[in-house]
$ cat target_3.txt   # compact mmCIF, C-alpha atoms
# COMPACT_ATOMS: atom_id res chain seq x y z
CA MET A 3 -101.31 67.85 146.10
CA MET A 4 -97.99 69.64 145.99
CA GLY A 5 -98.10 70.47 142.30
CA SER A 6 -94.68 70.78 140.72
CA VAL A 7 -92.66 70.22 143.88
CA GLU A 8 -90.05 67.52 143.32
CA MET A 9 -88.76 66.12 146.56
CA ARG A 10 -87.52 63.22 148.63
CA THR A 11 -89.94 62.41 151.43
CA ASP A 12 -88.07 59.75 153.38
CA ILE A 13 -87.31 60.43 157.01
CA THR A 14 -84.80 57.65 157.49
CA GLY A 15 -82.57 58.24 154.47
CA PRO A 16 -78.80 58.61 154.29
CA ARG A 17 -77.30 60.63 157.09
CA SER A 18 -76.03 64.06 156.21
CA LYS A 19 -72.27 64.54 156.23
CA GLU A 20 -72.62 67.77 158.17
CA SER A 21 -72.78 67.85 161.93
CA PRO A 22 -76.22 67.09 163.38
CA SER A 23 -75.82 70.07 165.68
CA TYR A 24 -76.60 72.46 162.83
CA SER A 25 -80.06 73.11 164.28
CA ALA A 26 -81.85 73.25 167.60
CA SER A 27 -84.01 70.31 166.57
CA SER A 28 -81.05 67.92 166.48
CA GLU A 29 -80.03 68.83 170.05
CA ILE A 30 -83.43 68.92 171.74
CA ARG A 31 -85.47 65.79 172.23
CA PRO A 32 -89.16 65.86 171.23
CA GLU A 33 -90.10 65.32 174.88
CA GLU A 34 -88.30 68.55 175.80
CA TYR A 35 -90.34 70.48 173.24
CA ALA A 36 -93.54 69.00 174.65
CA ASP A 37 -92.54 69.79 178.24
CA TRP A 38 -91.68 73.36 177.26
CA ARG A 39 -94.97 73.98 175.50
CA ASN A 40 -96.91 72.51 178.41
CA SER A 41 -95.21 74.77 180.95
CA PRO A 42 -96.90 78.10 181.82
CA LEU A 43 -93.95 80.10 180.47
CA GLY A 44 -93.54 78.04 177.31
CA MET A 45 -97.26 78.04 176.54
CA ILE A 46 -97.44 81.84 176.60
CA ALA A 47 -94.19 82.42 174.68
CA GLU A 48 -95.12 79.84 172.03
CA ARG A 49 -98.56 81.36 171.52
CA ILE A 50 -97.13 84.85 171.01
CA GLU A 51 -94.35 83.68 168.68
CA GLN A 52 -96.67 81.60 166.52
CA LYS A 53 -99.18 84.44 166.27
CA THR A 54 -96.42 86.80 165.12
CA VAL A 55 -95.18 84.40 162.43
CA PHE A 56 -98.63 83.50 161.10
CA ASP A 57 -99.79 87.12 161.12
CA LEU A 58 -96.89 87.82 158.76
CA ALA A 59 -97.68 84.76 156.64
CA ARG A 60 -101.33 85.86 156.28
CA ASP A 61 -103.68 83.69 154.21
CA LEU A 62 -102.13 80.27 153.58
CA ARG A 63 -105.07 78.59 151.89
CA GLY A 64 -103.89 76.63 148.86
CA LYS A 65 -100.29 77.81 149.27
CA ARG A 66 -97.25 75.53 149.00
CA VAL A 67 -95.45 75.99 152.32
CA LEU A 68 -92.00 74.79 153.37
CA ASP A 69 -91.18 74.66 157.10
CA LEU A 70 -87.38 74.63 157.48
CA GLY A 71 -86.09 73.11 160.71
CA CYS A 72 -89.63 71.99 161.49
CA GLY A 73 -88.75 70.19 164.73
CA ASP A 74 -91.75 68.31 166.08
CA GLY A 75 -94.02 69.95 163.52
CA SER A 76 -96.00 72.57 165.44
CA TYR A 77 -95.69 75.25 162.73
CA SER A 78 -96.14 72.75 159.90
CA ILE A 79 -99.31 71.38 161.45
CA ARG A 80 -100.77 74.83 162.08
CA ALA A 81 -100.02 75.83 158.47
CA ALA A 82 -101.74 72.66 157.23
CA ARG A 83 -104.76 73.38 159.43
CA ASN A 84 -104.85 76.84 157.83
CA GLY A 85 -105.26 75.22 154.42
CA ALA A 86 -101.68 75.06 153.13
CA HIS A 87 -99.94 72.17 151.36
CA VAL A 88 -96.98 71.74 153.70
CA VAL A 89 -93.56 70.11 153.61
CA GLY A 90 -91.63 69.95 156.89
CA VAL A 91 -87.84 69.54 156.76
CA ASP A 92 -85.47 68.64 159.59
CA LEU A 93 -82.27 66.65 160.10
CA SER A 94 -83.48 64.91 163.24
CA GLU A 95 -85.19 61.58 162.68
CA ALA A 96 -86.63 61.70 166.21
CA MET A 97 -88.19 65.11 165.59
CA LEU A 98 -89.65 64.04 162.27
CA ARG A 99 -91.17 60.93 163.77
CA ALA A 100 -92.71 63.00 166.55
CA ALA A 101 -94.01 65.45 163.95
CA GLN A 102 -95.52 62.60 161.95
CA CYS A 103 -97.33 61.33 165.05
CA HIS A 104 -98.61 64.79 165.94
CA ALA A 105 -99.92 65.35 162.41
CA LYS A 106 -101.71 62.01 162.49
CA ASP A 107 -103.26 62.83 165.87
CA THR A 108 -104.35 66.22 164.54
CA GLY A 109 -105.79 64.76 161.36
CA VAL A 110 -103.79 66.88 158.90
CA SER A 111 -101.60 65.86 155.98
CA VAL A 112 -97.98 67.04 155.93
CA MET A 113 -95.04 65.70 153.91
CA TRP A 114 -91.95 65.16 156.07
CA CYS A 115 -88.42 65.17 154.67
CA ARG A 116 -85.09 64.52 156.34
CA ALA A 117 -82.64 66.92 154.75
CA SER A 118 -80.20 69.74 155.41
CA ALA A 119 -81.47 73.31 155.11
CA LYS A 120 -78.19 74.04 153.33
CA SER A 121 -78.90 71.62 150.49
CA LEU A 122 -82.61 71.10 149.92
CA PRO A 123 -83.88 68.24 147.72
CA PHE A 124 -86.40 70.44 145.90
CA SER A 125 -86.56 72.04 142.49
CA SER A 126 -86.03 75.77 142.22
CA GLU A 127 -89.10 77.97 142.68
CA SER A 128 -91.13 75.19 144.35
CA PHE A 129 -92.77 77.04 147.27
CA ASP A 130 -95.03 80.03 147.81
CA ILE A 131 -94.14 80.49 151.48
CA ILE A 132 -91.13 79.37 153.50
CA MET A 133 -90.97 79.49 157.30
CA ALA A 134 -87.72 79.15 159.23
CA VAL A 135 -88.20 79.56 162.97
CA THR A 136 -85.25 79.48 165.41
CA LEU A 137 -83.11 77.75 162.81
CA LEU A 138 -80.47 80.31 161.82
CA CYS A 139 -79.39 80.80 165.42
CA PHE A 140 -77.94 77.27 165.40
CA VAL A 141 -76.59 77.10 161.83
CA LYS A 142 -72.88 77.53 161.21
CA GLU A 143 -73.41 78.95 157.71
CA PRO A 144 -76.68 80.92 157.77
CA GLN A 145 -75.81 82.55 154.44
CA ARG A 146 -76.09 79.16 152.72
CA VAL A 147 -79.47 78.53 154.30
CA ALA A 148 -80.76 81.93 153.19
CA ARG A 149 -79.54 81.42 149.63
CA GLU A 150 -81.03 77.93 149.47
CA ALA A 151 -84.36 79.21 150.77
CA SER A 152 -84.28 81.91 148.12
CA ARG A 153 -83.60 79.30 145.44
CA VAL A 154 -86.63 77.14 146.23
CA LEU A 155 -88.94 80.14 146.77
CA ARG A 156 -91.00 81.15 143.75
CA PRO A 157 -90.77 84.73 142.46
CA GLY A 158 -93.28 86.78 144.42
CA GLY A 159 -93.19 84.28 147.29
CA SER A 160 -92.33 85.09 150.90
CA LEU A 161 -89.80 83.87 153.44
CA ILE A 162 -90.70 84.39 157.10
CA ILE A 163 -88.01 83.87 159.67
CA GLY A 164 -88.27 83.92 163.46
CA GLU A 165 -85.05 84.26 165.43
CA LEU A 166 -83.71 84.76 168.93
CA GLY A 167 -83.15 88.46 169.64
CA ARG A 168 -79.83 89.62 171.08
CA TYR A 169 -81.07 92.46 173.26
CA SER A 170 -83.35 90.59 175.66
CA SER A 171 -83.33 89.11 179.14
CA TRP A 172 -83.86 85.71 177.50
CA ALA A 173 -80.61 86.04 175.54
CA LEU A 174 -78.80 87.10 178.71
CA SER A 175 -80.16 84.07 180.57
CA ARG A 176 -79.09 81.74 177.76
CA ARG A 177 -75.62 83.26 177.57
CA LEU A 178 -75.21 82.73 181.30
CA ARG A 179 -76.19 79.10 180.85
CA ALA A 180 -73.59 78.80 178.09
CA TRP A 181 -70.93 80.27 180.35
CA PHE A 182 -71.83 77.67 182.96
CA GLY A 183 -71.37 74.82 180.50
CA SER A 184 -74.59 74.45 178.48
CA SER A 185 -73.53 72.98 175.14
CA ARG A 186 -76.92 73.84 173.67
CA TRP A 187 -76.42 77.57 174.03
CA SER A 188 -72.64 77.84 173.75
CA GLY A 189 -72.81 77.79 169.95
CA ALA A 190 -76.02 79.78 169.53
CA HIS A 191 -76.05 83.11 167.73
CA PHE A 192 -78.43 85.78 169.00
CA TRP A 193 -79.43 88.08 166.17
CA THR A 194 -80.01 91.78 165.71
CA THR A 195 -82.56 93.05 163.22
CA ASN A 196 -79.83 94.69 161.15
CA GLU A 197 -77.88 91.43 160.90
CA LEU A 198 -80.95 89.59 159.68
CA LEU A 199 -81.78 92.33 157.17
CA GLU A 200 -78.26 92.19 155.75
CA LEU A 201 -78.37 88.38 155.55
CA LEU A 202 -81.66 88.39 153.66
CA GLU A 203 -80.64 91.17 151.29
CA GLN A 204 -77.48 89.23 150.40
CA ALA A 205 -79.78 86.37 149.37
CA ASP A 206 -81.56 88.75 146.95
CA LEU A 207 -84.67 88.98 149.10
CA LYS A 208 -86.59 92.18 149.74
CA VAL A 209 -87.61 92.82 153.34
CA ARG A 210 -91.27 93.77 153.77
CA ALA A 211 -91.85 93.78 157.54
CA SER A 212 -90.08 93.13 160.83
CA ARG A 213 -91.50 92.65 164.31
CA GLY A 214 -90.34 91.94 167.82
CA CYS A 215 -92.25 90.08 170.52
CA VAL A 216 -91.89 88.30 173.87
CA TYR A 217 -90.76 91.32 175.87
CA PHE A 218 -91.32 89.82 179.32
CA PRO A 219 -88.44 88.09 181.15
CA PRO A 220 -88.24 84.28 181.20
CA ILE A 221 -90.24 84.03 184.42
CA SER A 222 -93.67 82.36 184.51
CA LEU A 223 -95.31 85.00 186.71
CA ALA A 224 -94.01 87.82 184.51
CA ALA A 225 -95.32 86.04 181.41
CA GLN A 226 -98.75 85.58 182.97
CA ILE A 227 -98.96 89.26 183.93
CA LEU A 228 -97.31 90.87 180.89
CA GLY A 229 -98.07 88.37 178.13
CA GLU A 230 -101.44 89.91 177.29
CA TYR A 231 -99.77 93.28 176.78
CA ASP A 232 -96.96 92.06 174.54
CA ASP A 233 -98.41 93.70 171.40
CA ALA A 234 -98.43 97.04 173.18
CA LEU A 235 -94.71 96.73 173.84
CA SER A 236 -93.82 96.20 170.20
CA PHE A 237 -92.98 99.90 169.78
CA PHE A 238 -89.68 99.06 171.51
CA GLY A 239 -88.68 97.16 168.36
CA GLN A 240 -85.83 94.73 168.88
CA VAL A 241 -84.84 96.19 172.25
CA GLY A 242 -86.05 93.73 174.84
CA ALA A 243 -87.61 91.37 172.29
CA ALA A 244 -86.67 87.73 172.80
CA PHE A 245 -88.10 86.84 169.37
CA LEU A 246 -87.56 88.69 166.09
CA ALA A 247 -89.71 87.95 163.04
CA ILE A 248 -89.02 89.21 159.52
CA LYS A 249 -90.97 88.79 156.30
CA CYS A 250 -89.19 89.16 152.99
CA ASP A 251 -90.23 88.56 149.39
CA LYS A 252 -88.41 87.19 146.36
CA PRO A 253 -88.73 89.78 143.60
CA ALA A 254 -91.01 88.71 140.77
CA CYS A 255 -88.53 89.87 138.15

$ encode --input "target_3.txt" --output "structure tokens"
Amino acid sequence: MMGSVEMRTDITGPRSKESPSYSASSEIRPEEYADWRNSPLGMIAERIEQKTVFDLARDLRGKRVLDLGCGDGSYSIRAARNGAHVVGVDLSEAMLRAAQCHAKDTGVSVMWCRASAKSLPFSSESFDIIMAVTLLCFVKEPQRVAREASRVLRPGGSLIIGELGRYSSWALSRRLRAWFGSSRWSGAHFWTTNELLELLEQADLKVRASRGCVYFPPISLAAQILGEYDDALSFFGQVGAAFLAIKCDKPAC
């Protein structure tokens, strides 16, 4: 049970007035996610990124978890398997339907909600943990998302974000694709740690930890050779990290 969470759980409700391109999920088809995760490069990168996020989240048993921009549900489902009561939110109907199917196949219970991360249909202080992974890089007003996440987070709760790092070979590759006409990456924002810290502090959240990961270039052979040593490269911080993860708390008073 989700306790005091008040929410709308439909996934085919009224369309949002904002552009559907506010998140990666609305631009990428579920099949593309699946193909990426099944590729040698995607499998390794996804494993490292998820481990980083869930290491920061720690014990989720019995916690009320919100997954913002949940896409096809991979983080939501893992959180549910770890014992959390999970709500996954996305604007894309196709992604939510794929997530629903994946959850059913996995045998876990997750509530799915079609909504904007800028205007969530939940009461204030509803969640213990909020995850937002590669969402802010595609949002036009990330400040609104951060403030809204802070609103629905209970005092003492934690927000964990995972974002695309600016100083990496992955960001360079994606910028080149944008220059050559990729609409997916032309509007993406690649973050620095300092930018994320400032954004979160403006939402009255207190940063507790930050980590970088995925230091190898976006080449399958490099991932297979260097992926096992990614933790050892974390002393570089954000330099070279394709993925930045930050944990922040909402002050209890």

$ closest_residue --input "target_3.txt" --among "A:Arg179, A:Arg66, A:Lys53, A:Lys252" --to "Arg213 (chain A)" --atoms "all atoms listed in the file"
A:Lys53

$ closest_residue --input "target_3.txt" --among "A:Phe245, A:Phe237, A:Tyr231, A:Phe129" --to "Leu68 (chain A)" --atoms "all atoms listed in the file"
A:Phe129

$ residues_around --input "target_3.txt" --residues "region 131-142 of chain A" --least-positions-apart "3" --cutoff "7 Å" --atoms "all atoms listed in the file" --output "list in words"
Tyr24, Ser25, Ala26, Arg66, Val67, Leu68, Asp69, Leu70, Gly71, Gly159, Ser160, Leu161, Ile162, Ile163, Gly164, Glu165, Leu166, Gly189, Ala190, His191 and Phe192 of chain A

$ closest_residue --input "target_3.txt" --among "A:Ser184, A:Thr54, A:Gln204, A:Asn40" --to "Ser236 (chain A)" --atoms "only C-alpha atoms"
A:Thr54

$ residues_around --input "target_3.txt" --residues "Ser121 (chain A)" --least-positions-apart "3" --cutoff "10 Å" --atoms "all atoms listed in the file" --output "list in words"
Ser18, Ala117, Ser118, Phe124, Arg146, Val147, Arg149, Glu150 and Ala151 of chain A

$ residues_around --input "target_3.txt" --residues "Ala81 (chain A)" --least-positions-apart "5" --cutoff "12 Å" --atoms "all atoms listed in the file" --output "tab-separated table (two decimals) with C-alpha atoms, in the frame of the given file"
chain	number	residue	atom	x	y	z
A	52	GLN	CA	-96.67	81.60	166.52
A	53	LYS	CA	-99.18	84.44	166.27
A	55	VAL	CA	-95.18	84.40	162.43
A	56	PHE	CA	-98.63	83.50	161.10
A	57	ASP	CA	-99.79	87.12	161.12
A	59	ALA	CA	-97.68	84.76	156.64
A	60	ARG	CA	-101.33	85.86	156.28
A	61	ASP	CA	-103.68	83.69	154.21
A	62	LEU	CA	-102.13	80.27	153.58
A	63	ARG	CA	-105.07	78.59	151.89
A	64	GLY	CA	-103.89	76.63	148.86
A	65	LYS	CA	-100.29	77.81	149.27
A	66	ARG	CA	-97.25	75.53	149.00
A	67	VAL	CA	-95.45	75.99	152.32
A	68	LEU	CA	-92.00	74.79	153.37
A	69	ASP	CA	-91.18	74.66	157.10
A	72	CYS	CA	-89.63	71.99	161.49
A	75	GLY	CA	-94.02	69.95	163.52
A	76	SER	CA	-96.00	72.57	165.44
A	86	ALA	CA	-101.68	75.06	153.13
A	87	HIS	CA	-99.94	72.17	151.36
A	88	VAL	CA	-96.98	71.74	153.70
A	89	VAL	CA	-93.56	70.11	153.61
A	90	GLY	CA	-91.63	69.95	156.89
A	105	ALA	CA	-99.92	65.35	162.41
A	110	VAL	CA	-103.79	66.88	158.90
A	111	SER	CA	-101.60	65.86	155.98
A	112	VAL	CA	-97.98	67.04	155.93
A	131	ILE	CA	-94.14	80.49	151.48
A	132	ILE	CA	-91.13	79.37	153.50
A	133	MET	CA	-90.97	79.49	157.30

$ residues_around --input "target_3.txt" --residues "Ser188 (chain A)" --least-positions-apart "5" --cutoff "10 Å" --atoms "all atoms listed in the file" --output "VMD selection string"
chain A and resid 140 176 to 183

$ closest_residue --input "target_3.txt" --among "A:Ala36, A:Cys250, A:Cys215, A:Met97" --to "Gly167 (chain A)" --atoms "all atoms listed in the file"
A:Cys215

$ atom_distance --input "target_3.txt" --atom1 "CA of Pro253 (chain A)" --atom2 "CA of Leu202 (chain A)"
12.4 Å

$ residues_around --input "target_3.txt" --residues "Arg99 (chain A)" --least-positions-apart "5" --cutoff "9 Å" --atoms "only C-alpha atoms" --output "VMD selection string"
chain A and resid 13 74 94 104 114

$ atom_distance --input "target_3.txt" --atom1 "CA of Gly109 (chain A)" --atom2 "CA of Asp92 (chain A)"
20.8 Å

$ closest_residue --input "target_3.txt" --among "A:Gln102, A:Gln226, A:Ser185, A:Ser152" --to "Pro42 (chain A)" --atoms "all atoms listed in the file"
A:Gln226

$ atom_distance --input "target_3.txt" --atom1 "CA of Pro123 (chain A)" --atom2 "CA of Arg153 (chain A)"
11.3 Å

$ closest_residue --input "target_3.txt" --among "A:Ser212, A:Ser41, A:Thr194, A:Gln240" --to "Leu58 (chain A)" --atoms "only C-alpha atoms"
A:Ser212

$ residues_near_point --input "target_3.txt" --point "(-91.5, 83.7, 172.5)" --cutoff "6 Å" --atoms "only C-alpha atoms" --output "list in words"
Ala47, Glu48, Ile50, Glu51, Val216 and Phe245 of chain A
